[in-house]
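Trainee: Input file: input.cif. Contents: mmCIF, C-alpha atoms.
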```
data_run
loop_
_atom_site.label_atom_id
_atom_site.label_comp_id
_atom_site.auth_asym_id
_atom_site.auth_seq_id
_atom_site.Cartn_x
_atom_site.Cartn_y
_atom_site.Cartn_z
CA MET M 12 0.00 0.00 0.00
CA PRO M 13 1.81 3.13 -1.17
CA SER M 14 1.96 6.28 0.93
CA LEU M 15 0.86 8.45 -2.03
CA LYS M 16 -2.59 10.03 -1.75
CA LEU M 17 -3.32 11.70 -5.07
CA ASN M 18 -6.33 13.30 -6.75
CA ILE M 19 -6.61 11.30 -9.99
CA LEU M 20 -8.91 11.90 -12.97
CA VAL M 21 -9.81 8.75 -14.93
CA VAL M 22 -10.87 9.39 -18.55
CA ASP M 23 -12.46 6.54 -20.52
CA ASP M 24 -15.53 6.16 -22.73
CA ASP M 25 -16.17 2.64 -21.34
CA PRO M 26 -18.19 2.79 -18.04
CA PHE M 27 -16.88 -0.64 -16.98
CA ALA M 28 -13.26 0.47 -17.52
CA ARG M 29 -13.86 3.67 -15.54
CA LYS M 30 -15.36 1.67 -12.67
CA LEU M 31 -12.54 -0.89 -12.71
CA LEU M 32 -9.79 1.72 -12.78
CA SER M 33 -11.51 3.78 -10.08
CA SER M 34 -11.79 0.76 -7.77
CA ILE M 35 -8.08 -0.09 -8.28
CA LEU M 36 -7.00 3.46 -7.53
CA GLU M 37 -9.33 3.93 -4.53
CA ALA M 38 -8.04 0.67 -3.07
CA LEU M 39 -4.57 2.26 -3.22
CA GLY M 40 -5.85 5.24 -1.21
CA HIS M 41 -6.24 7.78 -4.04
CA SER M 42 -9.19 10.12 -4.54
CA VAL M 43 -10.76 9.48 -7.95
CA SER M 44 -13.06 11.39 -10.29
CA ASP M 45 -13.94 10.28 -13.85
CA ALA M 46 -14.82 11.63 -17.29
CA ARG M 47 -16.33 10.09 -20.46
CA ASP M 48 -13.89 11.64 -22.96
CA GLY M 49 -11.37 14.43 -23.48
CA LEU M 50 -13.92 17.25 -23.54
CA ASP M 51 -15.61 15.96 -20.40
CA ALA M 52 -12.18 15.69 -18.74
CA ILE M 53 -11.36 19.34 -19.50
CA GLU M 54 -14.64 20.41 -17.86
CA LYS M 55 -14.05 18.21 -14.82
CA LEU M 56 -10.46 19.24 -14.12
CA ASP M 57 -10.31 20.66 -10.61
CA PRO M 58 -10.44 24.46 -11.11
CA SER M 59 -8.32 24.95 -8.01
CA GLY M 60 -5.51 22.98 -9.67
CA LYS M 61 -5.68 20.05 -7.26
CA THR M 62 -5.85 17.35 -9.92
CA ASP M 63 -2.54 15.56 -9.44
CA LEU M 64 -2.62 13.02 -12.29
CA ILE M 65 -4.71 11.99 -15.32
CA LEU M 66 -5.22 8.35 -16.38
CA SER M 67 -6.69 8.46 -19.89
CA ASP M 68 -7.82 6.01 -22.53
CA MET M 69 -6.40 6.52 -26.02
CA ASN M 70 -9.40 5.94 -28.30
CA MET M 71 -12.47 7.98 -27.33
CA PRO M 72 -15.19 9.94 -29.18
CA LYS M 73 -15.30 13.77 -29.32
CA MET M 74 -11.70 14.12 -28.05
CA ASN M 75 -9.28 11.20 -27.87
CA GLY M 76 -6.25 10.78 -25.63
CA ILE M 77 -3.75 12.41 -28.01
CA GLU M 78 -6.01 15.42 -28.51
CA LEU M 79 -6.50 15.77 -24.76
CA ILE M 80 -2.74 15.73 -24.15
CA LYS M 81 -2.10 18.32 -26.86
CA HIS M 82 -4.85 20.60 -25.52
CA LEU M 83 -3.48 20.46 -21.96
CA ARG M 84 0.13 20.97 -22.99
CA GLU M 85 -0.75 23.86 -25.30
CA ASN M 86 -2.49 25.49 -22.33
CA LYS M 87 0.65 25.03 -20.18
CA THR M 88 -0.98 22.38 -17.98
CA GLN M 89 1.81 20.22 -16.57
CA ILE M 90 -0.35 17.57 -14.87
CA PRO M 91 1.27 14.12 -15.35
CA ILE M 92 -0.67 11.99 -17.87
CA ILE M 93 -0.67 8.20 -18.32
CA ILE M 94 -2.21 6.90 -21.56
CA LEU M 95 -4.02 3.52 -21.50
CA THR M 96 -4.83 1.53 -24.64
CA VAL M 97 -5.45 -1.96 -25.89
CA ASN M 98 -3.40 -1.14 -28.95
CA GLU M 99 -0.01 -2.79 -28.64
CA GLU M 100 1.54 -1.01 -31.60
CA PHE M 101 4.69 0.80 -30.54
CA SER M 102 3.94 3.74 -32.86
CA VAL M 103 0.92 4.63 -30.70
CA ALA M 104 3.14 4.87 -27.64
CA ILE M 105 5.56 7.10 -29.53
CA ASP M 106 2.73 9.40 -30.65
CA ALA M 107 1.48 9.68 -27.08
CA MET M 108 4.91 10.47 -25.66
CA LYS M 109 5.61 13.01 -28.42
CA ALA M 110 2.33 14.73 -27.62
CA GLY M 111 3.39 15.08 -23.98
CA ALA M 112 2.29 11.93 -22.14
CA ASN M 113 4.41 10.90 -19.18
CA ASP M 114 3.90 7.16 -19.61
CA TYR M 115 2.06 4.54 -21.64
CA LEU M 116 0.39 1.37 -20.31
CA ILE M 117 -1.40 -1.54 -22.00
CA LYS M 118 -4.86 -2.52 -20.77
CA ASP M 119 -4.37 -6.20 -19.99
CA GLU M 120 -4.76 -8.69 -17.15
CA ASN M 121 -1.75 -7.15 -15.33
CA ILE M 122 -3.21 -3.64 -15.17
CA GLN M 123 -3.82 -3.91 -11.43
CA ASP M 124 -0.09 -4.45 -10.88
CA THR M 125 1.31 -2.07 -13.48
CA ILE M 126 -0.78 1.01 -12.59
CA PRO M 127 0.53 1.47 -9.01
CA ILE M 128 4.15 1.13 -10.15
CA ALA M 129 3.66 3.58 -13.03
CA ILE M 130 1.92 6.12 -10.80
CA GLU M 131 4.67 6.04 -8.19
CA GLN M 132 7.43 6.44 -10.78
CA ILE M 133 5.66 9.22 -12.66
CA TRP M 134 4.76 11.14 -9.53
CA GLU M 135 8.32 10.90 -8.21
CA ASN M 136 9.67 12.18 -11.56
CA HIS M 137 7.05 14.93 -11.61
CA ARG M 138 7.91 15.95 -8.05
CA LEU M 139 11.61 16.12 -8.89
CA LYS M 140 10.87 18.10 -12.06
CA GLU M 141 8.72 20.56 -10.11
CA LYS M 142 11.45 20.91 -7.52
CA ASN M 143 14.04 21.51 -10.23
CA LEU M 144 11.82 24.12 -11.87
CA GLN M 145 11.39 25.81 -8.50
CA LEU M 146 15.15 25.78 -7.93
CA ILE M 147 15.74 27.17 -11.42
CA ALA M 148 13.22 29.95 -10.78
CA GLU M 149 14.89 30.74 -7.46
CA LEU M 150 18.29 30.71 -9.14
CA GLU M 151 17.04 33.08 -11.84
CA ASN M 152 15.72 35.42 -9.15
CA LYS M 153 19.04 35.25 -7.32
CA ASN M 154 20.88 35.95 -10.57
CA LYS M 155 18.67 38.97 -11.20
CA GLU M 156 19.36 40.21 -7.67
CA LEU M 157 23.07 39.56 -8.17
CA GLU M 158 23.05 41.42 -11.51
CA LYS M 159 21.29 44.32 -9.82
CA SER M 160 23.82 44.32 -6.97
CA ASN M 161 26.71 44.10 -9.44
CA LYS M 162 25.30 47.02 -11.40
CA GLU M 163 24.96 49.05 -8.20
CA LEU M 164 28.54 48.13 -7.21
CA GLU M 165 29.77 49.04 -10.68
CA ASP M 166 28.01 52.40 -10.46
CA LEU M 167 29.48 53.00 -7.00
CA ASN M 168 32.92 52.01 -8.24
CA GLN M 169 32.63 54.45 -11.15
CA LEU M 170 31.51 57.13 -8.70
CA LYS M 171 34.47 56.29 -6.45
CA ASN M 172 36.89 56.52 -9.38
CA LYS M 173 35.40 59.83 -10.44
CA PHE M 174 35.66 61.19 -6.89
CA ILE M 175 39.27 59.98 -6.52
CA GLY M 176 40.15 61.53 -9.87
CA ILE M 177 38.62 64.89 -8.95
CA ALA M 178 40.12 64.91 -5.45
CA ALA M 179 43.59 63.91 -6.65
CA HIS M 180 43.51 66.44 -9.47
CA ASP M 181 42.38 69.27 -7.17
CA LEU M 182 44.96 68.40 -4.50
CA ARG M 183 47.86 68.09 -6.90
CA GLY M 184 47.96 71.83 -7.69
CA PRO M 185 48.31 73.12 -4.10
CA LEU M 186 50.75 70.30 -3.23
CA SER M 187 52.91 71.12 -6.23
CA GLY M 188 53.00 74.72 -5.03
CA ILE M 189 54.05 73.72 -1.51
CA ASN M 190 56.65 71.36 -2.94
CA GLY M 191 58.05 74.03 -5.25
CA PHE M 192 58.17 76.75 -2.56
CA SER M 193 59.89 74.43 -0.08
CA GLU M 194 62.50 73.60 -2.73
CA LEU M 195 63.11 77.31 -3.38
CA LEU M 196 63.55 77.96 0.33
CA LEU M 197 65.92 75.00 0.65
CA GLU M 198 68.04 76.44 -2.16
CA GLU M 199 68.06 79.76 -0.23
CA GLU M 200 66.61 81.59 -3.21
CA CYS M 201 64.72 83.79 -0.77
CA GLY M 202 67.53 84.30 1.76
CA ASP M 203 69.58 82.36 4.25
CA ILE M 204 67.92 79.75 6.46
CA SER M 205 69.01 78.17 9.72
CA GLU M 206 69.82 74.48 10.13
CA GLU M 207 66.58 73.96 12.03
CA GLN M 208 64.61 75.64 9.22
CA ARG M 209 66.46 73.51 6.67
CA GLU M 210 65.48 70.38 8.57
CA PHE M 211 61.79 71.37 8.66
CA LEU M 212 61.80 72.41 5.00
CA SER M 213 63.44 69.12 4.02
CA MET M 214 60.66 67.27 5.83
CA ILE M 215 58.01 69.35 4.01
CA PHE M 216 59.71 68.82 0.66
CA SER M 217 60.02 65.04 1.21
CA ALA M 218 56.42 64.69 2.43
CA THR M 219 54.99 66.62 -0.52
CA GLU M 220 57.11 64.56 -2.94
CA ASP M 221 55.58 61.37 -1.49
CA MET M 222 52.10 62.86 -1.55
CA LEU M 223 52.45 63.95 -5.17
CA ALA M 224 53.60 60.46 -6.12
CA LEU M 225 50.56 59.02 -4.34
CA LEU M 226 48.20 61.45 -6.08
CA ASN M 227 49.69 60.61 -9.47
CA ASN M 228 49.19 56.92 -8.72
CA LEU M 229 45.60 57.56 -7.62
CA LEU M 230 44.92 59.43 -10.84
CA ASP M 231 46.35 56.51 -12.82
CA VAL M 232 44.24 53.99 -10.90
CA SER M 233 41.15 56.17 -11.42
CA VAL M 234 41.77 56.33 -15.18
CA ILE M 235 42.59 52.62 -15.50
CA GLU M 236 39.66 51.32 -13.43
CA SER M 237 37.19 53.56 -15.22
CA GLY M 238 38.22 51.89 -18.48
CA LYS M 239 39.55 55.14 -19.92
CA LEU M 240 43.20 54.13 -20.25
CA GLU M 241 44.10 55.10 -23.81
CA LEU M 242 47.48 54.22 -25.27
CA ASN M 243 49.38 56.46 -27.65
CA LEU M 244 51.16 53.80 -29.71
CA ASN M 245 54.06 54.97 -31.85
CA LEU M 246 57.07 53.32 -33.47
CA ALA M 247 60.02 53.90 -31.12
CA SER M 248 63.16 52.36 -29.66
CA ILE M 249 62.94 51.10 -26.09
CA ILE M 250 66.70 50.82 -25.31
CA PRO M 251 67.33 54.60 -24.94
CA ILE M 252 64.27 54.78 -22.68
CA ILE M 253 65.62 51.99 -20.46
CA ARG M 254 69.03 53.73 -20.19
CA GLN M 255 67.33 57.02 -19.28
CA ARG M 256 65.14 55.42 -16.58
CA VAL M 257 68.20 53.63 -15.13
CA MET M 258 70.08 56.96 -14.89
CA LEU M 259 67.17 58.48 -12.97
CA SER M 260 66.88 55.46 -10.66
CA ARG M 261 70.60 55.54 -9.89
CA VAL M 262 70.11 58.75 -7.88
CA MET M 263 67.98 56.87 -5.35
CA ALA M 264 70.10 53.71 -5.61
CA GLU M 265 73.38 55.50 -4.82
CA LYS M 266 71.95 56.74 -1.53
CA LYS M 267 71.81 53.09 -0.46
CA GLY M 268 75.05 52.02 -2.14
CA ILE M 269 73.11 49.94 -4.66
CA ILE M 270 74.59 49.40 -8.13
CA ILE M 271 72.24 49.02 -11.11
CA HIS M 272 73.65 46.82 -13.89
CA MET M 273 72.34 46.74 -17.46
CA ASP M 274 72.40 43.84 -19.92
CA LEU M 275 70.54 45.11 -23.00
CA GLN M 276 70.31 43.32 -26.35
CA ASP M 277 69.64 45.17 -29.57
CA ILE M 278 65.87 45.48 -29.91
CA PRO M 279 64.22 46.72 -33.11
CA ARG M 280 61.84 49.64 -33.05
CA PHE M 281 58.26 48.65 -32.33
CA LYS M 282 55.00 50.31 -31.37
CA PHE M 283 54.39 51.15 -27.70
CA ASP M 284 53.26 54.06 -25.54
CA ALA M 285 56.47 56.02 -24.84
CA GLN M 286 54.93 57.59 -21.72
CA ARG M 287 53.32 54.51 -20.15
CA ILE M 288 56.10 51.94 -20.66
CA PRO M 289 58.71 54.20 -18.94
CA GLN M 290 56.22 54.31 -16.06
CA VAL M 291 56.35 50.49 -15.92
CA ILE M 292 60.17 50.48 -15.94
CA ASP M 293 60.31 53.19 -13.26
CA ASN M 294 58.00 51.22 -10.97
CA LEU M 295 59.97 48.00 -11.32
CA LEU M 296 63.35 49.71 -10.79
CA SER M 297 61.99 51.77 -7.91
CA ASN M 298 60.65 48.64 -6.18
CA ALA M 299 63.91 46.77 -6.74
CA VAL M 300 65.92 49.59 -5.12
CA LYS M 301 63.32 50.18 -2.41
CA PHE M 302 63.26 46.57 -1.20
CA SER M 303 66.95 45.71 -1.71
CA PRO M 304 69.46 45.83 1.14
CA HIS M 305 72.17 48.49 1.20
CA LYS M 306 75.25 47.83 -0.95
CA SER M 307 73.54 45.20 -3.09
CA ASN M 308 72.96 44.88 -6.83
CA VAL M 309 69.99 45.38 -9.15
CA TYR M 310 70.02 44.06 -12.70
CA ILE M 311 67.90 45.04 -15.69
CA TYR M 312 67.81 42.86 -18.80
CA ALA M 313 66.32 43.45 -22.26
CA LYS M 314 65.98 40.49 -24.62
CA HIS M 315 64.54 40.14 -28.09
CA PHE M 316 62.76 37.00 -29.21
CA LYS M 317 61.14 36.25 -32.56
CA ASN M 318 57.91 38.20 -31.99
CA LYS M 319 58.29 39.75 -28.56
CA ILE M 320 60.66 41.56 -26.22
CA LYS M 321 61.22 40.80 -22.57
CA ILE M 322 62.33 43.31 -19.92
CA SER M 323 63.38 41.89 -16.54
CA VAL M 324 64.40 43.59 -13.30
CA LYS M 325 66.20 41.44 -10.73
CA ASP M 326 67.00 42.41 -7.15
CA GLN M 327 68.77 40.84 -4.16
CA GLY M 328 65.98 41.63 -1.74
CA PRO M 329 64.18 39.40 0.79
CA GLY M 330 61.99 37.68 -1.82
CA ILE M 331 58.24 37.19 -1.79
CA PRO M 332 56.48 34.35 0.09
CA GLU M 333 54.49 32.04 -2.20
CA ALA M 334 51.23 32.83 -0.38
CA GLU M 335 51.61 36.55 -1.12
CA LYS M 336 52.25 36.27 -4.86
CA PRO M 337 48.54 36.25 -5.85
CA LYS M 338 48.13 39.63 -4.08
CA LEU M 339 51.08 41.34 -5.76
CA PHE M 340 49.16 43.10 -8.51
CA ASP M 341 46.08 44.09 -6.50
CA THR M 342 45.54 47.72 -5.51
CA PHE M 343 46.50 48.91 -2.01
CA GLN M 344 48.23 45.64 -1.10
CA ARG M 345 50.84 45.72 1.64
CA LEU M 346 53.03 42.62 1.81
CA SER M 347 55.34 41.33 4.51
CA ALA M 348 58.50 42.66 2.78
CA GLN M 349 59.28 46.24 3.84
CA PRO M 350 61.41 48.94 2.19
CA THR M 351 64.98 48.88 3.51
CA GLY M 352 65.60 52.63 3.57
CA ASP M 353 62.44 54.09 5.18
CA GLU M 354 60.91 54.62 1.73
CA THR M 355 57.12 54.80 1.42
CA SER M 356 55.00 52.24 -0.40
CA THR M 357 51.37 52.82 -1.41
CA GLY M 358 50.66 49.38 -2.84
CA LEU M 359 49.52 50.91 -6.14
CA GLY M 360 52.59 50.67 -8.38
CA LEU M 361 52.38 47.01 -9.41
CA ALA M 362 48.62 47.24 -10.00
CA ILE M 363 49.26 50.09 -12.43
CA VAL M 364 52.16 48.22 -14.05
CA LYS M 365 49.98 45.15 -14.72
CA LYS M 366 47.20 47.20 -16.30
CA ILE M 367 49.59 49.12 -18.57
CA VAL M 368 51.38 45.94 -19.72
CA GLU M 369 48.10 44.12 -20.37
CA ALA M 370 46.77 47.14 -22.29
CA HIS M 371 49.75 46.58 -24.64
CA ASN M 372 48.63 42.93 -25.01
CA GLY M 373 51.65 42.01 -22.92
CA LYS M 374 52.17 39.87 -19.85
CA ILE M 375 53.88 40.43 -16.50
CA GLU M 376 55.42 37.66 -14.42
CA VAL M 377 57.27 37.30 -11.13
CA GLU M 378 59.85 34.76 -9.98
CA SER M 379 60.83 34.84 -6.35
CA GLN M 380 61.97 32.75 -3.43
CA VAL M 381 62.25 33.95 0.13
CA GLY M 382 65.89 34.92 0.78
CA SER M 383 66.89 34.75 -2.90
CA GLY M 384 65.59 38.00 -4.36
CA THR M 385 62.90 38.66 -6.95
CA VAL M 386 62.70 38.99 -10.73
CA PHE M 387 59.85 40.95 -12.31
CA SER M 388 59.54 40.48 -16.08
CA PHE M 389 57.17 41.84 -18.67
CA THR M 390 56.87 40.86 -22.29
CA LEU M 391 55.47 42.97 -25.12
CA PRO M 392 54.58 41.87 -28.65
CA VAL M 393 56.80 43.19 -31.42
#
```
Give the structure from the file, written as structure tokens.
Mentor:
Amino acid sequence: MPSLKLNILVVDDDPFARKLLSSILEALGHSVSDARDGLDAIEKLDPSGKTDLILSDMNMPKMNGIELIKHLRENKTQIPIIILTVNEEFSVAIDAMKAGANDYLIKDENIQDTIPIAIEQIWENHRLKEKNLQLIAELENKNKELEKSNKELEDLNQLKNKFIGIAAHDLRGPLSGINGFSELLLEEECGDISEEQREFLSMIFSATEDMLALLNNLLDVSVIESGKLELNLNLASIIPIIRQRVMLSRVMAEKKGIIIHMDLQDIPRFKFDAQRIPQVIDNLLSNAVKFSPHKSNVYIYAKHFKNKIKISVKDQGPGIPEAEKPKLFDTFQRLSAQPTGDETSTGLGLAIVKKIVEAHNGKIEVESQVGSGTVFSFTLPV
């Protein structure tokens, strides 16, 4: 005796068959109503939608089993339907299943045994299907909510980038003025200054230099994240640019007794942004000097392959732990390694580097082991 208690509609033009089927189903604990044919079945369907299953004959006057199935499916009625027939031709079963029947049974002496099994299987499949449809609907709703949240986050991020850009731009002017005036005073362009005044002015000059660097980085991040990074690609030679950036970096390196070595192959002229790529080289050299111990060495290599060039900067610093490597190119990331000469680090440089390189259809990589230094490399297509 199954635990299912369903509301079943029996459809058959034979009164004896209706009575027999109803008695079998009621003995199994189901509630049964009956109809003479397809049209009668449509009228007798529970208007509240509580009809759980339809057991229908195939050959009936007015509306046969196939026509009943098609009518219900066209009207989006998903009630499970079992077709019963004395016709043992397989083509009839195929027609019924194509029309939307859930199962097909032969009216024979075993009907009392086959009906309960078929009903249990069909109802279990129907229940699982309904549950899946419900889960799909819930998932679609969640996706819509997620899309809405993502859109709101995207709008907020754009607003944040716009605000950062405006704030950084507006602050850069006054800071540049303070930086310039402090430099003039340090050079005694406006008269002699005492040692104490020189010390204070040096602190002001150094602080404004750091702040200007931060603002420039913030402006770059704002431009990049807003999707407005535009490259000015022109045919140029990269070797003179590397030599120039090394000369500028040597000023900071010499303060720490660090020697920068160059190993540069001949590289043909190719198209790149002659303002953005120097920015990449500056960042990598600056980091190498910043995180290297005093009186160590930094190396910069330039190599030419068949269809690309590779620029590498190697230091003798503390190295980067494996767990921290995935964070290297994220914005505002502070890692365990610290600058060795009280330099400042905003955690923006490598994020900017990655975006610029990728905008050139290039790739940036890092090789590092704790205690063995670090090599940052970027490749660009030629």
Trainee: Counting only C-alpha atoms, what is within 8 Å of segment 15-24 of chain M, bar same-chain residues fewer than 4 positions away, as a list in words?
Mentor: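 Once the adjacent positions are removed, what remains is Ala28, Arg29, Leu32, Ser33, Gly40, His41, Ser42, Val43, Ser44, Asp45, Ala46, Arg47, Asp48, Gly49, Ala52, Leu56, Lys61, Thr62, Asp63, Leu64, Ile65, Leu66, Ser67, Asp68, Met71, Pro72 and Glu131 of chain M.
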Trainee: With all atoms listed in the file as the counted atoms, please give the residues lying no more than 10 Å from Ile189 of chain M, apart from itself and same-chain residues fewer than 6 positions off, as number ranges by chain.
Mentor: M: 183, 195, 215-216, 219-220
Trainee: What does the distance from atom CA of Glu369 of chain M to atom CA of His272 of chain M come to in Å, to one decimal?
Mentor: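 Value for the atom CA of Glu369 of chain M-atom CA of His272 of chain M distance: 26.5 Å.
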Trainee: Using all atoms listed in the file, pick whichever of M:Ile253, M:Asp203, M:Lys338, M:Gly360 has the shortest atom-to-atom distance to Leu226 of chain M.
Mentor: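 Of M:Ile253, M:Asp203, M:Lys338, M:Gly360, the one nearest Leu226 of chain M is M:Gly360, counting all atoms listed in the file.
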Trainee: To one decimal in Å, tell me the separation between atom CA of Asp124 of chain M and atom CA of Ser34 of chain M.
Mentor: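 Straight-line distance from atom CA of Asp124 of chain M to atom CA of Ser34 of chain M works out to 13.2 Å.
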Trainee: Would you write out, as an mmCIF file with C-alpha atoms, in the frame of the given file, every residue that the PyMOL selection byres ((chain M and resi 108-116) around 8) captures in this file?
Mentor:
```
data_model
loop_
_atom_site.group_PDB
_atom_site.id
_atom_site.type_symbol
_atom_site.label_atom_id
_atom_site.label_comp_id
_atom_site.auth_asym_id
_atom_site.auth_seq_id
_atom_site.Cartn_x
_atom_site.Cartn_y
_atom_site.Cartn_z
ATOM 1 C CA ILE M 77 -3.750 12.410 -28.010
ATOM 2 C CA ILE M 80 -2.740 15.730 -24.150
ATOM 3 C CA LYS M 81 -2.100 18.320 -26.860
ATOM 4 C CA ARG M 84 0.130 20.970 -22.990
ATOM 5 C CA PRO M 91 1.270 14.120 -15.350
ATOM 6 C CA ILE M 92 -0.670 11.990 -17.870
ATOM 7 C CA ILE M 93 -0.670 8.200 -18.320
ATOM 8 C CA ILE M 94 -2.210 6.900 -21.560
ATOM 9 C CA LEU M 95 -4.020 3.520 -21.500
ATOM 10 C CA THR M 96 -4.830 1.530 -24.640
ATOM 11 C CA ALA M 104 3.140 4.870 -27.640
ATOM 12 C CA ILE M 105 5.560 7.100 -29.530
ATOM 13 C CA ASP M 106 2.730 9.400 -30.650
ATOM 14 C CA ALA M 107 1.480 9.680 -27.080
ATOM 15 C CA ILE M 117 -1.400 -1.540 -22.000
ATOM 16 C CA LYS M 118 -4.860 -2.520 -20.770
ATOM 17 C CA THR M 125 1.310 -2.070 -13.480
ATOM 18 C CA ILE M 126 -0.780 1.010 -12.590
ATOM 19 C CA ALA M 129 3.660 3.580 -13.030
ATOM 20 C CA ILE M 133 5.660 9.220 -12.660
#
```
Trainee: For the structure shown, which residues end up in the PyMOL selection byres ((chain M and resi 249) around 9)? Put them as a list in words, please?
Mentor: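 Written out, the selection comes to Ala247, Ser248, Ile250, Pro251, Ile252, Ile253, Arg254, Ile278, Pro279, Arg280, Phe281, Phe283, Ala285, Ile288 and Pro289 of chain M.
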Trainee: Taking into account all atoms listed in the file, which residue in the set M:Leu167, M:Gln123, M:Gly184, M:Asn243 is nearest to Ala38 of chain M?
Mentor: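 Once distances to Ala38 of chain M are computed over all atoms listed in the file, the minimum belongs to M:Gln123.
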Trainee: Reconstruct segment 33-39 of chain M at the level of all heavy atoms, and format the result as a PDB file, in the frame of the given file.
Mentor:
```
ATOM      1  N   SER M  33     -11.224   3.017 -11.297  1.00  0.00           N
ATOM      2  CA  SER M  33     -11.510   3.780 -10.080  1.00  0.00           C
ATOM      3  C   SER M  33     -11.376   2.905  -8.844  1.00  0.00           C
ATOM      4  O   SER M  33     -10.814   3.329  -7.819  1.00  0.00           O
ATOM      5  CB  SER M  33     -12.924   4.379 -10.135  1.00  0.00           C
ATOM      6  OG  SER M  33     -13.032   5.313 -11.181  1.00  0.00           O
ATOM      7  N   SER M  34     -11.864   1.667  -8.928  1.00  0.00           N
ATOM      8  CA  SER M  34     -11.790   0.760  -7.770  1.00  0.00           C
ATOM      9  C   SER M  34     -10.338   0.407  -7.454  1.00  0.00           C
ATOM     10  O   SER M  34      -9.935   0.315  -6.285  1.00  0.00           O
ATOM     11  CB  SER M  34     -12.609  -0.495  -8.022  1.00  0.00           C
ATOM     12  OG  SER M  34     -12.081  -1.228  -9.122  1.00  0.00           O
ATOM     13  N   ILE M  35      -9.504   0.220  -8.499  1.00  0.00           N
ATOM     14  CA  ILE M  35      -8.080  -0.090  -8.280  1.00  0.00           C
ATOM     15  C   ILE M  35      -7.390   1.083  -7.579  1.00  0.00           C
ATOM     16  O   ILE M  35      -6.659   0.896  -6.599  1.00  0.00           O
ATOM     17  CB  ILE M  35      -7.381  -0.398  -9.631  1.00  0.00           C
ATOM     18  CG1 ILE M  35      -7.899  -1.705 -10.232  1.00  0.00           C
ATOM     19  CG2 ILE M  35      -5.863  -0.468  -9.442  1.00  0.00           C
ATOM     20  CD1 ILE M  35      -7.395  -1.971 -11.646  1.00  0.00           C
ATOM     21  N   LEU M  36      -7.664   2.274  -8.071  1.00  0.00           N
ATOM     22  CA  LEU M  36      -7.000   3.460  -7.530  1.00  0.00           C
ATOM     23  C   LEU M  36      -7.487   3.793  -6.122  1.00  0.00           C
ATOM     24  O   LEU M  36      -6.697   4.180  -5.250  1.00  0.00           O
ATOM     25  CB  LEU M  36      -7.232   4.661  -8.459  1.00  0.00           C
ATOM     26  CG  LEU M  36      -6.586   4.540  -9.840  1.00  0.00           C
ATOM     27  CD1 LEU M  36      -7.083   5.642 -10.767  1.00  0.00           C
ATOM     28  CD2 LEU M  36      -5.064   4.603  -9.743  1.00  0.00           C
ATOM     29  N   GLU M  37      -8.783   3.652  -5.874  1.00  0.00           N
ATOM     30  CA  GLU M  37      -9.330   3.930  -4.530  1.00  0.00           C
ATOM     31  C   GLU M  37      -8.804   2.934  -3.512  1.00  0.00           C
ATOM     32  O   GLU M  37      -8.565   3.288  -2.356  1.00  0.00           O
ATOM     33  CB  GLU M  37     -10.848   3.923  -4.581  1.00  0.00           C
ATOM     34  CG  GLU M  37     -11.427   5.164  -5.265  1.00  0.00           C
ATOM     35  CD  GLU M  37     -12.925   5.067  -5.510  1.00  0.00           C
ATOM     36  OE1 GLU M  37     -13.477   3.963  -5.315  1.00  0.00           O
ATOM     37  OE2 GLU M  37     -13.524   6.082  -5.914  1.00  0.00           O
ATOM     38  N   ALA M  38      -8.613   1.682  -3.962  1.00  0.00           N
ATOM     39  CA  ALA M  38      -8.040   0.670  -3.070  1.00  0.00           C
ATOM     40  C   ALA M  38      -6.614   1.035  -2.672  1.00  0.00           C
ATOM     41  O   ALA M  38      -6.128   0.644  -1.603  1.00  0.00           O
ATOM     42  CB  ALA M  38      -8.063  -0.696  -3.755  1.00  0.00           C
ATOM     43  N   LEU M  39      -5.934   1.808  -3.527  1.00  0.00           N
ATOM     44  CA  LEU M  39      -4.570   2.260  -3.220  1.00  0.00           C
ATOM     45  C   LEU M  39      -4.561   3.536  -2.367  1.00  0.00           C
ATOM     46  O   LEU M  39      -3.501   4.036  -2.013  1.00  0.00           O
ATOM     47  CB  LEU M  39      -3.815   2.532  -4.530  1.00  0.00           C
ATOM     48  CG  LEU M  39      -3.552   1.297  -5.416  1.00  0.00           C
ATOM     49  CD1 LEU M  39      -3.057   1.730  -6.788  1.00  0.00           C
ATOM     50  CD2 LEU M  39      -2.547   0.369  -4.749  1.00  0.00           C
TER      51      LEU M  39
END
```
